[in-house]
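Content type compact mmCIF, C-alpha atoms and all ligand atoms, from the file entry-v3.txt:
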# COMPACT_ATOMS: atom_id res chain seq x y z
CA MET A 1 -16.38 -2.02 16.39
CA GLN A 2 -16.57 1.59 15.24
CA GLN A 3 -13.83 2.44 17.70
CA ARG A 4 -11.73 -0.45 16.53
CA TRP A 5 -12.08 0.55 12.93
CA ASN A 6 -11.13 4.13 13.67
CA ASP A 7 -8.09 2.92 15.54
CA ILE A 8 -6.97 0.95 12.55
CA LEU A 9 -7.46 3.84 10.21
CA TRP A 10 -5.50 6.22 12.33
CA ASN A 11 -2.75 3.95 13.51
CA LYS A 12 -1.83 1.69 10.68
CA PHE A 13 -3.28 3.12 7.54
CA ILE A 14 -3.67 6.38 5.81
CA PRO A 15 -7.11 7.50 6.88
CA MET A 16 -9.55 8.50 4.26
CA LEU A 17 -11.18 11.65 5.50
CA ARG A 18 -13.77 11.86 2.90
CA LEU A 19 -15.25 10.02 0.08
CA GLU A 20 -17.27 11.80 -2.48
CA PHE A 21 -18.60 9.21 -4.80
CA THR A 22 -21.26 10.55 -7.03
CA ALA A 23 -21.47 7.75 -9.52
CA ASN A 24 -23.57 4.63 -9.09
CA GLN A 25 -22.04 1.99 -6.91
CA PRO A 26 -20.95 -1.25 -8.44
CA LYS A 27 -23.23 -4.11 -7.53
CA LEU A 28 -21.44 -5.87 -4.73
CA ASN A 29 -23.61 -7.99 -2.53
CA GLU A 30 -21.08 -9.88 -0.51
CA ALA A 31 -20.97 -8.80 3.07
CA ASP A 32 -17.24 -8.92 3.30
CA VAL A 33 -15.98 -6.69 0.60
CA MET A 34 -15.19 -3.04 0.95
CA PRO A 35 -16.94 -1.16 -1.80
CA LEU A 36 -16.05 2.38 -2.67
CA THR A 37 -18.65 4.16 -0.60
CA ASN A 38 -18.67 6.19 2.53
CA GLN A 39 -19.38 3.01 4.40
CA VAL A 40 -17.00 0.39 5.53
CA ILE A 41 -18.44 -3.05 5.93
CA ILE A 42 -16.88 -5.02 8.70
CA PRO A 43 -17.26 -8.69 7.87
CA ASP A 44 -17.63 -9.90 11.44
CA ASP A 45 -20.86 -8.09 12.03
CA ASP A 46 -22.15 -7.74 8.51
CA VAL A 47 -23.19 -4.27 9.56
CA PRO A 48 -22.31 -1.27 7.44
CA ILE A 49 -20.59 1.35 9.53
CA GLU A 50 -21.21 4.93 8.55
CA GLN A 51 -18.31 7.28 8.78
CA PRO A 52 -19.21 10.48 10.58
CA ASN A 53 -21.19 12.88 8.45
CA ASN A 54 -18.70 15.65 8.84
CA LEU A 55 -16.44 13.65 6.53
CA LYS A 56 -18.75 14.38 3.66
CA ILE A 57 -17.23 17.50 2.24
CA PRO A 58 -18.79 19.47 -0.57
CA LEU A 59 -16.97 19.74 -3.84
CA HIS A 60 -16.49 23.50 -3.57
CA VAL A 61 -14.53 23.02 -0.32
CA ILE A 62 -12.27 20.52 -2.05
CA LYS A 63 -11.78 22.92 -4.92
CA THR A 64 -10.86 25.75 -2.58
CA CYS A 65 -8.45 23.56 -0.66
CA THR A 66 -6.56 22.52 -3.80
CA HIS A 67 -6.90 25.93 -5.52
CA ASP A 68 -9.15 24.27 -8.05
CA PHE A 69 -6.76 21.37 -8.60
CA ASN A 70 -3.96 23.75 -9.40
CA GLU A 71 -0.85 22.12 -10.91
CA ARG A 72 1.23 23.72 -8.16
CA ASN A 73 -0.63 21.47 -5.73
CA PHE A 74 -0.03 18.36 -7.81
CA ILE A 75 1.81 15.61 -5.89
CA GLY A 76 1.68 12.55 -8.07
CA LYS A 77 -0.29 10.36 -10.40
CA GLY A 78 -1.33 6.76 -9.97
CA GLY A 79 -3.40 4.18 -11.73
CA TYR A 80 -6.68 5.80 -10.70
CA GLY A 81 -6.02 9.48 -11.17
CA ARG A 82 -4.08 12.51 -10.00
CA VAL A 83 -3.25 13.45 -6.40
CA TYR A 84 -3.12 17.03 -5.11
CA LYS A 85 -1.95 18.48 -1.83
CA GLY A 86 -4.44 20.71 -0.09
CA THR A 87 -5.20 22.51 3.14
CA LEU A 88 -8.64 21.52 4.25
CA THR A 89 -10.83 23.56 6.49
CA TRP A 90 -14.04 21.74 7.09
CA ALA A 91 -15.92 20.90 10.27
CA ASP A 92 -13.32 19.68 12.80
CA HIS A 93 -10.57 19.71 10.23
CA ILE A 94 -9.08 23.15 10.50
CA ASN A 95 -6.18 23.77 8.16
CA GLN A 96 -5.50 20.07 7.93
CA LEU A 97 -3.07 18.98 5.27
CA VAL A 98 -4.70 16.49 2.95
CA ALA A 99 -3.98 14.55 -0.19
CA VAL A 100 -6.86 14.79 -2.65
CA LYS A 101 -7.15 12.02 -5.18
CA ARG A 102 -9.22 13.04 -8.17
CA LEU A 103 -10.23 9.81 -9.78
CA ASP A 104 -10.12 9.58 -13.51
CA VAL A 105 -13.73 8.66 -14.23
CA THR A 106 -12.94 7.29 -17.64
CA ARG A 107 -11.15 4.44 -15.92
CA PHE A 108 -14.33 3.42 -14.14
CA GLN A 109 -16.61 3.07 -17.10
CA GLY A 110 -17.61 -0.38 -16.01
CA PHE A 111 -19.79 0.95 -13.26
CA CYS A 112 -19.84 4.69 -13.61
CA ASN A 113 -22.64 5.96 -15.77
CA ASP A 114 -22.16 9.65 -15.39
CA ASN A 115 -19.20 11.92 -15.55
CA LYS A 116 -19.34 13.63 -12.20
CA GLU A 117 -16.37 14.06 -9.93
CA MET A 118 -15.08 11.13 -7.92
CA ILE A 119 -12.75 12.34 -5.23
CA LEU A 120 -11.04 10.78 -2.25
CA VAL A 121 -9.45 12.82 0.50
CA TYR A 122 -6.75 11.34 2.68
CA GLU A 123 -4.67 12.53 5.55
CA TYR A 124 -1.52 14.00 4.05
CA ALA A 125 1.61 11.98 4.68
CA THR A 126 4.27 14.57 5.46
CA ASN A 127 7.18 12.53 4.21
CA GLY A 128 5.54 11.23 1.05
CA SER A 129 5.77 7.70 -0.23
CA LEU A 130 8.58 5.18 0.16
CA ASP A 131 9.08 4.75 -3.58
CA ALA A 132 10.53 8.26 -3.85
CA TYR A 133 13.34 7.33 -1.42
CA LEU A 134 14.07 4.13 -3.30
CA HIS A 135 14.07 5.86 -6.65
CA ASP A 136 16.64 8.31 -5.31
CA THR A 137 18.36 6.88 -2.24
CA SER A 138 20.14 10.14 -1.51
CA MET A 139 16.88 12.08 -1.15
CA PHE A 140 17.00 14.20 2.01
CA GLY A 141 20.26 12.54 2.93
CA GLY A 142 18.74 9.07 2.46
CA LEU A 143 16.85 6.87 4.88
CA SER A 144 18.99 4.99 7.37
CA TRP A 145 18.85 1.22 7.82
CA PRO A 146 16.99 1.52 11.18
CA GLN A 147 14.45 3.84 9.54
CA LEU A 148 13.98 1.49 6.61
CA PHE A 149 13.73 -1.55 8.87
CA LYS A 150 11.13 0.19 11.01
CA ILE A 151 9.12 1.03 7.90
CA CYS A 152 9.18 -2.64 6.85
CA MET A 153 8.00 -3.69 10.31
CA GLY A 154 5.16 -1.16 10.06
CA VAL A 155 4.03 -2.52 6.72
CA VAL A 156 4.15 -6.09 7.98
CA SER A 157 2.10 -5.12 11.01
CA ALA A 158 -0.51 -3.40 8.81
CA LEU A 159 -0.77 -6.42 6.52
CA ASP A 160 -0.91 -8.77 9.49
CA TYR A 161 -3.90 -6.79 10.65
CA LEU A 162 -5.65 -7.03 7.27
CA HIS A 163 -4.93 -10.73 6.89
CA ASN A 164 -5.44 -11.97 10.42
CA HIS A 165 -7.14 -9.55 12.74
CA VAL A 166 -9.68 -7.50 10.88
CA ALA A 167 -12.38 -10.01 11.71
CA GLU A 168 -12.59 -13.48 13.13
CA LYS A 169 -13.45 -15.42 10.02
CA HIS A 170 -12.48 -13.10 7.26
CA ARG A 171 -9.52 -11.27 5.97
CA ILE A 172 -8.82 -8.39 3.67
CA ILE A 173 -6.37 -8.70 0.84
CA HIS A 174 -4.73 -5.43 -0.06
CA ARG A 175 -4.02 -6.32 -3.68
CA ASP A 176 -1.65 -3.43 -4.41
CA VAL A 177 1.22 -3.65 -1.93
CA LYS A 178 4.08 -1.57 -3.28
CA SER A 179 6.41 1.17 -2.11
CA ALA A 180 4.24 3.90 -3.70
CA ASN A 181 1.42 2.82 -1.41
CA ILE A 182 3.60 2.96 1.70
CA LEU A 183 3.28 6.48 3.00
CA LEU A 184 5.47 8.04 5.66
CA ASP A 185 4.21 10.34 8.38
CA GLU A 186 6.17 13.05 10.15
CA ASN A 187 7.86 10.44 12.40
CA TRP A 188 8.70 8.15 9.51
CA ASN A 189 6.06 5.64 10.50
CA ALA A 190 4.79 3.58 7.60
CA LYS A 191 1.12 3.78 6.71
CA LEU A 192 -0.30 1.49 4.14
CA SER A 193 -2.65 3.25 1.76
CA ASP A 194 -5.09 2.46 -1.00
CA PHE A 195 -6.44 -0.79 0.32
CA GLY A 196 -10.05 0.36 0.03
CA LEU A 197 -9.77 1.24 -3.58
CA ALA A 198 -8.29 -2.08 -4.50
CA ARG A 199 -11.50 -3.88 -3.58
CA ILE A 200 -13.55 -2.65 -6.50
CA GLY A 201 -14.96 -5.51 -8.51
CA LEU A 202 -13.90 -8.02 -5.96
CA ALA A 203 -16.03 -10.90 -4.80
CA ASN A 204 -14.76 -13.23 -2.20
CA GLN A 205 -15.16 -16.59 -0.68
CA ARG A 206 -13.99 -17.24 2.84
CA ASN A 207 -10.27 -17.36 2.37
CA THR A 208 -9.82 -17.07 -1.33
CA PHE A 209 -10.65 -14.02 -3.31
CA VAL A 210 -11.60 -14.56 -6.88
CA ILE A 211 -11.45 -11.63 -9.15
CA THR A 212 -12.58 -10.91 -12.64
CA ASN A 213 -10.30 -8.03 -13.52
CA LEU A 214 -6.58 -8.22 -12.90
CA ALA A 215 -5.19 -5.40 -10.83
CA GLY A 216 -1.89 -4.62 -9.20
CA THR A 217 1.31 -3.03 -10.35
CA TYR A 218 3.93 -4.19 -12.81
CA GLY A 219 6.88 -5.73 -11.00
CA TYR A 220 4.97 -6.46 -7.78
CA THR A 221 2.22 -8.82 -8.86
CA ASP A 222 2.08 -12.44 -7.79
CA PRO A 223 2.82 -14.48 -10.94
CA GLN A 224 0.27 -17.11 -9.91
CA TYR A 225 -2.39 -14.42 -9.66
CA GLU A 226 -1.39 -13.06 -13.06
CA ARG A 227 -1.72 -16.52 -14.57
CA THR A 228 -4.93 -17.68 -12.92
CA GLY A 229 -6.75 -14.53 -11.81
CA PHE A 230 -7.10 -16.04 -8.33
CA LEU A 231 -6.10 -13.68 -5.61
CA THR A 232 -5.19 -14.95 -2.16
CA LYS A 233 -3.45 -13.49 0.84
CA GLU A 234 -0.21 -15.00 -0.50
CA SER A 235 -0.45 -12.53 -3.39
CA ASP A 236 0.08 -9.73 -0.87
CA VAL A 237 2.95 -11.72 0.63
CA TYR A 238 4.61 -11.91 -2.77
CA SER A 239 4.33 -8.14 -3.28
CA LEU A 240 5.66 -7.58 0.24
CA GLY A 241 8.70 -9.70 -0.67
CA VAL A 242 9.37 -7.37 -3.58
CA VAL A 243 9.12 -4.36 -1.25
CA LEU A 244 11.54 -5.96 1.25
CA PHE A 245 14.07 -6.43 -1.53
CA GLU A 246 13.47 -2.89 -2.77
CA VAL A 247 14.43 -1.63 0.67
CA LEU A 248 17.46 -3.88 0.89
CA CYS A 249 18.68 -3.01 -2.58
CA GLY A 250 17.77 0.69 -2.59
CA ARG A 251 15.95 0.51 -5.90
CA LEU A 252 12.49 0.05 -7.31
CA ALA A 253 10.83 -3.18 -8.39
CA TYR A 254 10.92 -2.24 -12.02
CA VAL A 255 13.46 0.05 -13.65
CA SER A 256 12.66 0.70 -17.28
CA GLY A 257 16.14 2.15 -17.90
CA TYR A 258 17.74 -1.27 -17.47
CA HIS A 259 17.70 -3.52 -20.49
CA ASP A 260 19.26 -6.55 -18.84
CA GLU A 261 18.62 -8.87 -15.88
CA ARG A 262 18.40 -5.85 -13.55
CA ARG A 263 15.11 -4.66 -15.06
CA PHE A 264 12.88 -6.65 -12.67
CA LEU A 265 14.01 -6.82 -9.08
CA HIS A 266 12.07 -9.99 -8.24
CA HIS A 267 14.04 -11.86 -10.86
CA LEU A 268 17.39 -10.32 -9.96
CA ALA A 269 16.91 -10.82 -6.22
CA ARG A 270 15.89 -14.44 -6.60
CA THR A 271 18.94 -15.22 -8.75
CA CYS A 272 21.41 -13.38 -6.53
CA TYR A 273 20.00 -14.93 -3.34
CA LYS A 274 20.20 -18.45 -4.80
CA ASN A 275 23.77 -17.89 -5.99
CA GLY A 276 24.89 -16.36 -2.70
CA GLU A 277 25.56 -13.09 -4.49
CA LEU A 278 23.33 -10.70 -2.55
CA ASP A 279 26.36 -8.55 -1.98
CA LYS A 280 26.17 -7.46 -5.58
CA ILE A 281 22.75 -5.89 -5.22
CA ILE A 282 22.49 -4.60 -1.65
CA ASP A 283 22.34 -0.85 -1.31
CA GLN A 284 25.97 0.09 -0.61
CA ARG A 285 24.83 3.01 1.48
CA ILE A 286 23.22 0.85 4.18
CA LYS A 287 25.26 -2.33 3.76
CA LYS A 288 27.80 -1.51 6.45
CA ASP A 289 25.00 -0.96 8.98
CA ILE A 290 23.32 -4.32 8.55
CA LYS A 291 24.55 -7.08 10.82
CA PRO A 292 25.27 -10.30 8.91
CA ARG A 293 22.75 -12.39 10.86
CA THR A 294 20.09 -9.72 10.40
CA LEU A 295 20.82 -9.68 6.70
CA SER A 296 20.56 -13.43 6.55
CA LYS A 297 17.14 -13.50 8.26
CA PHE A 298 15.79 -10.49 6.41
CA SER A 299 16.83 -11.71 2.97
CA THR A 300 15.72 -15.29 3.61
CA ILE A 301 12.20 -14.24 4.54
CA ALA A 302 12.05 -11.83 1.58
CA TYR A 303 13.22 -14.63 -0.73
CA ARG A 304 10.61 -17.02 0.62
CA CYS A 305 7.90 -14.43 -0.10
CA LEU A 306 8.93 -14.50 -3.74
CA HIS A 307 8.36 -18.23 -4.15
CA LYS A 308 6.57 -18.84 -7.43
CA ASN A 309 4.35 -21.39 -5.76
CA ARG A 310 2.09 -19.61 -3.29
CA GLU A 311 1.80 -22.59 -0.95
CA GLU A 312 5.53 -22.27 -0.29
CA ARG A 313 5.36 -18.63 0.76
CA PRO A 314 5.40 -17.72 4.45
CA THR A 315 2.34 -16.33 6.19
CA ILE A 316 2.38 -12.74 7.29
CA ALA A 317 2.53 -13.92 10.91
CA ASP A 318 5.61 -15.95 10.05
CA ILE A 319 7.17 -12.91 8.38
CA ALA A 320 6.38 -10.75 11.41
CA SER A 321 8.05 -13.19 13.76
CA GLN A 322 11.16 -13.61 11.55
CA LEU A 323 11.55 -9.86 11.16
CA THR A 324 11.12 -9.34 14.88
CA GLU A 325 13.98 -11.77 15.47
CA ALA A 326 16.07 -9.99 12.86
CA TRP A 327 15.25 -6.70 14.60
CA LYS A 328 16.41 -8.08 17.96
CA ILE A 329 19.65 -9.31 16.44
CA GLN A 330 20.22 -5.93 14.87
CA PHE A 331 19.41 -3.73 17.81
CA THR A 332 20.25 -5.69 20.95
CA ARG A 333 23.75 -6.49 21.92
N1 LIG A 401 -1.98 10.60 1.56
C1 LIG A 401 -0.94 10.99 0.84
N2 LIG A 401 -0.01 11.83 1.36
C2 LIG A 401 1.06 12.23 0.63
N3 LIG A 401 1.31 11.82 -0.61
C3 LIG A 401 0.43 10.97 -1.20
C4 LIG A 401 -0.74 10.51 -0.51
N4 LIG A 401 -1.42 9.68 -1.32
C5 LIG A 401 -0.72 9.63 -2.46
N5 LIG A 401 0.39 10.40 -2.41
C6 LIG A 401 1.40 10.59 -3.46
O1 LIG A 401 0.77 10.62 -4.71
C7 LIG A 401 1.31 9.63 -5.57
C8 LIG A 401 0.18 9.01 -6.39
O2 LIG A 401 -0.64 8.24 -5.53
P1 LIG A 401 -1.67 7.19 -6.08
O3 LIG A 401 -2.15 6.38 -4.93
O4 LIG A 401 -2.68 7.86 -6.92
O5 LIG A 401 -0.78 6.33 -7.07
P2 LIG A 401 0.21 5.13 -6.81
O6 LIG A 401 0.24 4.78 -5.37
O7 LIG A 401 1.52 5.46 -7.48
O8 LIG A 401 -0.47 3.97 -7.64
P3 LIG A 401 -1.90 3.28 -7.35
O9 LIG A 401 -2.87 4.03 -8.19
O10 LIG A 401 -1.70 1.89 -7.81
O11 LIG A 401 -2.17 3.40 -5.88
C9 LIG A 401 1.96 8.60 -4.64
O12 LIG A 401 3.05 7.99 -5.26
C10 LIG A 401 2.38 9.43 -3.44
O13 LIG A 401 3.68 9.89 -3.65
MG MG A 402 -1.44 4.67 -4.19
Starting from the file, give its structure as structure tokens.
Ligand SMILES: Nc1ncnc2c1ncn2[C@@H]1O[C@H](COP(=O)(O)OP(=O)(O)OP(=O)(O)O)[C@@H](O)[C@H]1O
Ligand SMILES: [Mg+2]
Amino acid sequence: MQQRWNDILWNKFIPMLRLEFTANQPKLNEADVMPLTNQVIIPDDDVPIEQPNNLKIPLHVIKTCTHDFNERNFIGKGGYGRVYKGTLTWADHINQLVAVKRLDVTRFQGFCNDNKEMILVYEYATNGSLDAYLHDTSMFGGLSWPQLFKICMGVVSALDYLHNHVAEKHRIIHRDVKSANILLDENWNAKLSDFGLARIGLANQRNTFVITNLAGTYGYTDPQYERTGFLTKESDVYSLGVVLFEVLCGRLAYVSGYHDERRFLHHLARTCYKNGELDKIIDQRIKKDIKPRTLSKFSTIAYRCLHKNREERPTIADIASQLTEAWKIQFTR
């Protein structure tokens, strides 16, 4: 199991190299949640799996590697804190590029009763996060349609793993699928990040996760989850649908600069798809490269993900098989 878990971390997700969590843990008793600790609990076995000790890195090493969280090392800021680039030299990790997320402890008052550092260290994704390329589609010459399609396939495969293969009777719901959490390695492979963090405060029943505090990101969140507070795997499917349209349209889910129907992509995409007007919103840069039948399959599955009623949304396995067909149409003669 340890081997399997490591494989997942390194192949499909952004691995977390270290977790320094000095505050008290939230009280989570369920066997199949992933609390923010240096343990990962695999539901199948109900056995906590320790990450190797050499992943526990002292704070002074982190400080050295980020030049004491110097602003020149600052990469970005998310809902949980600021992220810094660093060069880590610790144990087997010699001059390894890392992304250091310094959690904003004030956001964790619910279960943090001291003000010590809370830091996560991840493998650095050389090509950053997908949202940057959608915000500015000309960045580095822009991503090509095959590159974008491959990224989508990678994300679907990662989610398929979380939903269907992580354990026999359980699944993991990511809860914050969005282009900012899709990181790109040096070969432009997609790696889904931040799924561990999203589990905080989560209790689950077999297939349905019930949560007490709403989480997620504006423009990506399942409306049914927003309304009821019930999170299911279909909530991830909804957010994935938004990402698929982001890729197709070369823009982000939410653009504050728009003060009309373009503001929210989920709304715009649904309307244009229904009216047969996708042409209006597809990224002109990649449009000529998408075969019509590929476009039809790709947009249909994305549209189905956005169904307001979660029972009507496709499963991730269904999405994987539809996209594979679309891929074959696109790339085989
Ligand atoms: N491992 C990494 N490698 C390279 N860049 C990263 C890495 N992790 C995060 N980043 C960059 O830092 C930015 C902030 O990340 P962070 O995860 O804190 O916020 P977010 O993804 O925008 O929102 P959320 O807090 O909901 O996850 C990301 O948008 C990404 O560009
Ligand atoms: Mg993130």
Can you tell me which residues surround stretch 124-129 of chain A at a distance of at most 8 Å, considering all atoms listed in the file, apart from same-chain residues fewer than 6 positions away, and format the answer as a short mmCIF file (atom, residue, chain, number, x, y, z; two decimals) with C-alpha atoms, keeping the file's coordinate frame?
data_model
loop_
_atom_site.label_atom_id
_atom_site.label_comp_id
_atom_site.auth_asym_id
_atom_site.auth_seq_id
_atom_site.Cartn_x
_atom_site.Cartn_y
_atom_site.Cartn_z
CA ILE A 14 -3.67 6.38 5.81
CA LYS A 85 -1.95 18.48 -1.83
CA LEU A 97 -3.07 18.98 5.27
CA VAL A 98 -4.70 16.49 2.95
CA ALA A 99 -3.98 14.55 -0.19
CA SER A 179 6.41 1.17 -2.11
CA ALA A 180 4.24 3.90 -3.70
CA ASN A 181 1.42 2.82 -1.41
CA ILE A 182 3.60 2.96 1.70
CA LEU A 183 3.28 6.48 3.00
CA LEU A 184 5.47 8.04 5.66
CA ASP A 185 4.21 10.34 8.38
CA GLU A 186 6.17 13.05 10.15
CA TRP A 188 8.70 8.15 9.51
#
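For the residues A:Ile286, A:Leu295, A:Ala326, A:Ala132, ranking by smallest atom-to-atom distance to ligand LIG 401 (chain A) using all atoms listed in the file places A:Ala132 first.
For the residues A:Leu148, A:Ile319, A:Val177, A:Leu162, ranking by smallest atom-to-atom distance to ligand MG 402 (chain A) using all atoms listed in the file places A:Val177 first.
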Env. residues ligand MG 402 (chain A) / 12 Å / all atoms listed in the file / as a ChimeraX atom specification: /A:13-14,75-83,99-101,103,120,122,125,128-131,174-183,191-198,216-217
Would you compute, for all listed atoms of stretch 231-249 of chain A, the axis-aligned bounding box grown by 6 Å on each side, and then report its centre and edge lengths in Å rounded to one decimal, as lines of an AutoDock Vina configuration file?
center_x = 6.3
center_y = -8.3
center_z = -2.2
size_x = 36.8
size_y = 25.4
size_z = 18.9
Separation of atom CA of A:Gln147 from atom CA of A:Leu88 in Å: 29.6 Å
Selection as a ChimeraX atom specification: residues within 12 Å of (14.4, -13.4, 0.3), counting only C-alpha atoms: /A:237-249,265-274,276,278,295-307,313-314,319,322-323
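For the choices A:Tyr225, A:Tyr220, A:Trp90, A:Tyr258, the atom-to-atom distance to ligand LIG 401 (chain A) is smallest for A:Tyr220 when using all atoms listed in the file.
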From A:Lys280, A:Asn189, A:Met118, A:Arg262, residue lying nearest A:Pro146 [all atoms listed in the file]: A:Asn189
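Each of A:Met139, A:Ile316, A:Cys65, A:Val121 was checked against A:Ala158 using all atoms listed in the file; the smallest atom-to-atom distance is that of A:Ile316.
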Atom CA of A:Glu123 to atom CA of A:Lys233, distance in Å rounded to a single decimal: 26.5 Å
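What separates atom CA of A:Asp222 from atom CA of A:Arg310 is a distance of 8.5 Å.
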Counting only C-alpha atoms, what is within 8 Å of A:His163, bar same-chain residues fewer than 2 positions away, as an mmCIF file with C-alpha atoms, in the coordinates of the input?
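Generated output (result-v5.cif):
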data_model
loop_
_atom_site.group_PDB
_atom_site.id
_atom_site.type_symbol
_atom_site.label_atom_id
_atom_site.label_comp_id
_atom_site.auth_asym_id
_atom_site.auth_seq_id
_atom_site.Cartn_x
_atom_site.Cartn_y
_atom_site.Cartn_z
ATOM 1 C CA LEU A 159 -0.770 -6.420 6.520
ATOM 2 C CA ASP A 160 -0.910 -8.770 9.490
ATOM 3 C CA TYR A 161 -3.900 -6.790 10.650
ATOM 4 C CA HIS A 165 -7.140 -9.550 12.740
ATOM 5 C CA VAL A 166 -9.680 -7.500 10.880
ATOM 6 C CA HIS A 170 -12.480 -13.100 7.260
ATOM 7 C CA ARG A 171 -9.520 -11.270 5.970
ATOM 8 C CA ILE A 172 -8.820 -8.390 3.670
ATOM 9 C CA ILE A 173 -6.370 -8.700 0.840
ATOM 10 C CA LYS A 233 -3.450 -13.490 0.840
ATOM 11 C CA ILE A 316 2.380 -12.740 7.290
#
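When all atoms listed in the file are used to compute distances to ligand LIG 401 (chain A), the closest of the residues A:His135, A:Lys308, A:Arg251, A:Lys287 turns out to be A:His135.
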Local residues around (11.3, -1.0, -13.2), at most 7 Å away, using all atoms listed in the file, as a PyMOL selection string: chain A and resi 219+252-256+263-264
